[in-house]
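Input: a single structure, listed below in structure tokens.
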There are 2 protein chains.
Amino acid sequence: MNSATGRRAAPRTKRDGGAHALRPRLPTETRQRIIVAEAVRFFAEAGFEGQTRVLAKRLGITHSLLYRHFAGKDDLIERVYREVYLGRWRPEWERLLSDRSRPLEARLKSFYRAYTDAIFNLEWVRIFIFAGLKGVDINTRYLALIERHVLRPVCRELRVEAGLPDPDELPVAPEELELAWGLHGRIFSLAIRKWVYGVPMPRQFVATIDTSVHAFLHGAARSLASGAIAIGRR
Amino acid sequence: MNSATGRRAAPRTKRDGGAHALRPRLPTETRQRIIVAEAVRFFAEAGFEGQTRVLAKRLGITHSLLYRHFAGKDDLIERVYREVYLGRWRPEWERLLSDRSRPLEARLKSFYRAYTDAIFNLEWVRIFIFAGLKGVDINTRYLALIERHVLRPVCRELRVEAGLPDPDELPVAPEELELAWGLHGRIFSLAIRKWVYGVPMPRQFVATIDTSVHAFLHGAARSLASGAIAIGRR
DNA sequence: GTTCTTAATGACCAATTGGTCACATTGTGG
DNA sequence: CCACAATGTGACCAATTGGTCATTAAGAAC
């Protein structure tokens, strides 16, 4: 088993590697897709320290095949990031938020239902947290996207509701942004409870989202309109 | 360097290990305290896959000394858990929440200031998340404590405010508990943003807590009083 | 059928890494 | 000052683990 401890001067004659039984030979592209898909699940469960050999076993292939298709573990992980985070954002979400033909509360509820529908799953959530702990830049990049395409638009709509000047005229204050972070953080904490701590989600998940949005508008957002959070006095 | 690959039948004569220069000889208890303290910081940064040798280097000792003081890496990690989570809970916090001589809003603000003061730090937060991802039972145990000593008391006070029956008479509904989770999750999400994602906290941290509590009482909690969350109709 | 490209394999490599152990050293009590 | 218990060390061990490579064989092209 432990050949590494064996004698060094082994004759090193013919190695015999080579394909044996009936194993599927897949075109490169197909195989890579299969590998990345499984890698996403695997690293989401095991973390990035998960061994490539274990991943290979789950795929029913040898671990050396992984290295034929990917330059190294880091390369594979990079693909995993791309698979999970790229193109997962739907531009219509932002339009949903800004469609003033509907009440803001309805828009926010629709948005968070659609959003959680897309990212509330084991892979997305855990890989996001693993990446954060590891210090990969994915998180800050993603959070910047959220701020730009969700939180700031929300702040703008809040201004409209409160009859306050548009952010173009009067920049969004940190306190206002923090309000929007509050709703977002509250909702994402549901995912953390489930996929990090391992406790079940509330059974009435959608109702919980709706309640959170409602509470946000009648609590946090109201502070804006009432002047409890003073805008423009910065 | 790589002795493992060397010849197996090495004569294995005198080993020469042994203490050398002027190094401090500390009593067991002191040394263990020092090790655990550094291990907390180390594992909080590196995760539990951090190597014992690196920890030893940070301590200025050899890694074998770790194994004289602890049965193994797992034992050390167990001590780290105990160090971080045991006795960190202050019973007076719960009394703070239930002291009806003060307005609920003031009590909640005091509580969350004290609470975040105690656990909002790199070690507590990151080790908590690492443990969660790893599937250690620490999290569920701690969350049960939070539910029992924070969330349920909050629900009881909310009932009082709303003029509704005490939980002893009418059990707390999941929706009510979820309301309290909302505030807690929103506040803890501040810690996650900072120590998991690595983005700075709002500069006005205490003000953010206060705003969150205020919004909670005027948003979420109000749904209770207004009957938007129907109690007793379960 | 033969050729040739390339997917796939298993043996091997070498750095890591948790853990053990014989021996050296320190300082304290008699 | 000497014995001795206990602290601390460096060498070693063996399982892991990311990565390489010569060899094999599937199947498309001719």
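Residues in the structure tokens are numbered from 1 in each chain, the chains being A, B, ... in the order shown, and ligands are numbered from 1 in the order shown.
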Shell around DT5 of chain C at 10 Å using only C-alpha atoms (C1' of nucleotides), local window under 4 positions removed, as number ranges by chain: D: 27-29
Would you write out those residues with N, CA and C atoms (P, O5', C5', C4', C3', O3' and C1' of nucleotides), as a PDB file, in the first residue's frame?
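Just written: selection.pdb:
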ATOM      1  P    DG D  27     -16.197   3.260 -27.851  1.00  0.00           P
ATOM      2  O5'  DG D  27     -15.899   4.052 -29.189  1.00  0.00           O
ATOM      3  C5'  DG D  27     -15.472   5.408 -29.121  1.00  0.00           C
ATOM      4  C4'  DG D  27     -14.977   5.866 -30.482  1.00  0.00           C
ATOM      5  C3'  DG D  27     -15.821   5.360 -31.670  1.00  0.00           C
ATOM      6  O3'  DG D  27     -15.860   6.383 -32.655  1.00  0.00           O
ATOM      7  C1'  DG D  27     -13.625   4.784 -32.013  1.00  0.00           C
ATOM      8  P    DA D  28     -17.209   7.112 -33.055  1.00  0.00           P
ATOM      9  O5'  DA D  28     -16.666   8.253 -34.023  1.00  0.00           O
ATOM     10  C5'  DA D  28     -15.706   9.182 -33.516  1.00  0.00           C
ATOM     11  C4'  DA D  28     -14.687   9.535 -34.589  1.00  0.00           C
ATOM     12  C3'  DA D  28     -15.266   9.630 -36.001  1.00  0.00           C
ATOM     13  O3'  DA D  28     -14.685  10.766 -36.640  1.00  0.00           O
ATOM     14  C1'  DA D  28     -13.495   8.050 -35.960  1.00  0.00           C
ATOM     15  P    DA D  29     -15.116  11.160 -38.136  1.00  0.00           P
ATOM     16  O5'  DA D  29     -13.814  10.765 -38.966  1.00  0.00           O
ATOM     17  C5'  DA D  29     -12.551  11.282 -38.549  1.00  0.00           C
ATOM     18  C4'  DA D  29     -11.469  10.784 -39.494  1.00  0.00           C
ATOM     19  C3'  DA D  29     -11.864  10.866 -40.977  1.00  0.00           C
ATOM     20  O3'  DA D  29     -10.715  11.290 -41.720  1.00  0.00           O
ATOM     21  C1'  DA D  29     -11.312   8.630 -40.422  1.00  0.00           C
TER      22       DA D  29
END
Can you list, as a PyMOL selection string, all residues belonging to segment 29-226 of chain B that DSSP tags as alpha helix (DSSP H)? chain B and resi 29-46+52-59+63-69+73-85+91-98+104-119+122-134+138-146+152-162+174-192+205-218+220-226
Could you give me, as JSON lines, a per-residue list for chain C showing, wherever an atom lies at most 6 Å from an atom of chain B, the closest pair of atoms and their distance in Å to one decimal, using only C-alpha atoms (C1' of nucleotides) and sorting by chain then residue number from low to high?
{"residue": "C:DC23", "atom": "C1'", "partner": "B:Gly17", "partner_atom": "CA", "distance": 5.8}
{"residue": "C:DA24", "atom": "C1'", "partner": "B:Gly18", "partner_atom": "CA", "distance": 3.9}
{"residue": "C:DT25", "atom": "C1'", "partner": "B:Ala19", "partner_atom": "CA", "distance": 5.7}
Using N, CA and C atoms (P, O5', C5', C4', C3', O3' and C1' of nucleotides), can you export the residues from the last selection as a short mmCIF file (atom, residue, chain, number, x, y, z; two decimals), in the first residue's frame?
data_model
loop_
_atom_site.label_atom_id
_atom_site.label_comp_id
_atom_site.auth_asym_id
_atom_site.auth_seq_id
_atom_site.Cartn_x
_atom_site.Cartn_y
_atom_site.Cartn_z
P DC C 23 17.59 6.22 23.77
"O5'" DC C 23 17.85 7.77 23.97
"C5'" DC C 23 18.10 8.57 22.81
"C4'" DC C 23 18.04 10.03 23.20
"C3'" DC C 23 18.87 10.41 24.45
"O3'" DC C 23 19.65 11.53 24.12
"C1'" DC C 23 16.72 11.32 24.58
P DA C 24 20.93 11.92 25.02
"O5'" DA C 24 20.69 13.47 25.29
"C5'" DA C 24 20.34 14.31 24.19
"C4'" DA C 24 19.70 15.57 24.71
"C3'" DA C 24 20.46 16.22 25.88
"O3'" DA C 24 20.50 17.61 25.62
"C1'" DA C 24 18.20 15.89 26.47
P DT C 25 21.51 18.54 26.46
"O5'" DT C 25 20.50 19.30 27.42
"C5'" DT C 25 19.39 20.00 26.83
"C4'" DT C 25 18.48 20.47 27.93
"C3'" DT C 25 19.16 21.11 29.14
"O3'" DT C 25 18.48 22.31 29.39
"C1'" DT C 25 17.61 19.50 29.85
#
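All chain D residues having an atom within 10 Å of chain A, based on only C-alpha atoms (C1' of nucleotides), amount to DC13, DA14, DA15, DT16, DT17, DG18, DG19, DT20, DC21, DA22, DT23, DT24, DA25, DA26 and DG27 of chain D.
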Show me which bits of chain B are within 6 Å of chain A, counting only C-alpha atoms, as a PDB file with C-alpha atoms, in the first residue's frame.
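Below is the file selection_9.pdb, written as the result:
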ATOM      1  CA  ALA B   4       9.902   8.802   3.886  1.00  0.00           C
ATOM      2  CA  THR B   5      11.255   7.867   0.515  1.00  0.00           C
ATOM      3  CA  ARG B   7      15.768   3.402   2.583  1.00  0.00           C
ATOM      4  CA  GLY B 132     -21.345  24.808  11.309  1.00  0.00           C
ATOM      5  CA  LEU B 133     -19.908  23.938   7.921  1.00  0.00           C
ATOM      6  CA  ASN B 139     -24.164  25.192  16.465  1.00  0.00           C
ATOM      7  CA  GLY B 182     -35.581  37.881  12.068  1.00  0.00           C
ATOM      8  CA  GLY B 185     -30.479  37.033  12.047  1.00  0.00           C
ATOM      9  CA  ARG B 186     -30.379  40.602  10.854  1.00  0.00           C
ATOM     10  CA  SER B 189     -25.564  39.137   9.524  1.00  0.00           C
ATOM     11  CA  VAL B 196     -16.760  35.969   6.712  1.00  0.00           C
ATOM     12  CA  TYR B 197     -16.994  38.257   3.705  1.00  0.00           C
ATOM     13  CA  ALA B 215     -37.587  48.733  13.102  1.00  0.00           C
ATOM     14  CA  HIS B 218     -42.451  48.991  14.638  1.00  0.00           C
ATOM     15  CA  GLY B 219     -42.456  46.527  11.797  1.00  0.00           C
ATOM     16  CA  ALA B 220     -42.323  42.860  12.603  1.00  0.00           C
TER      17      ALA B 220
END
Write out as a PyMOL selection string which residues come within 8 Å of Gly163 of chain A when counting only C-alpha atoms (C1' of nucleotides), dropping same-chain ones fewer than 3 positions away. chain A and resi 159-160+225
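As for atom CA of Glu157 of chain B and atom CA of Val206 of chain A, they are spaced 25.9 Å apart.
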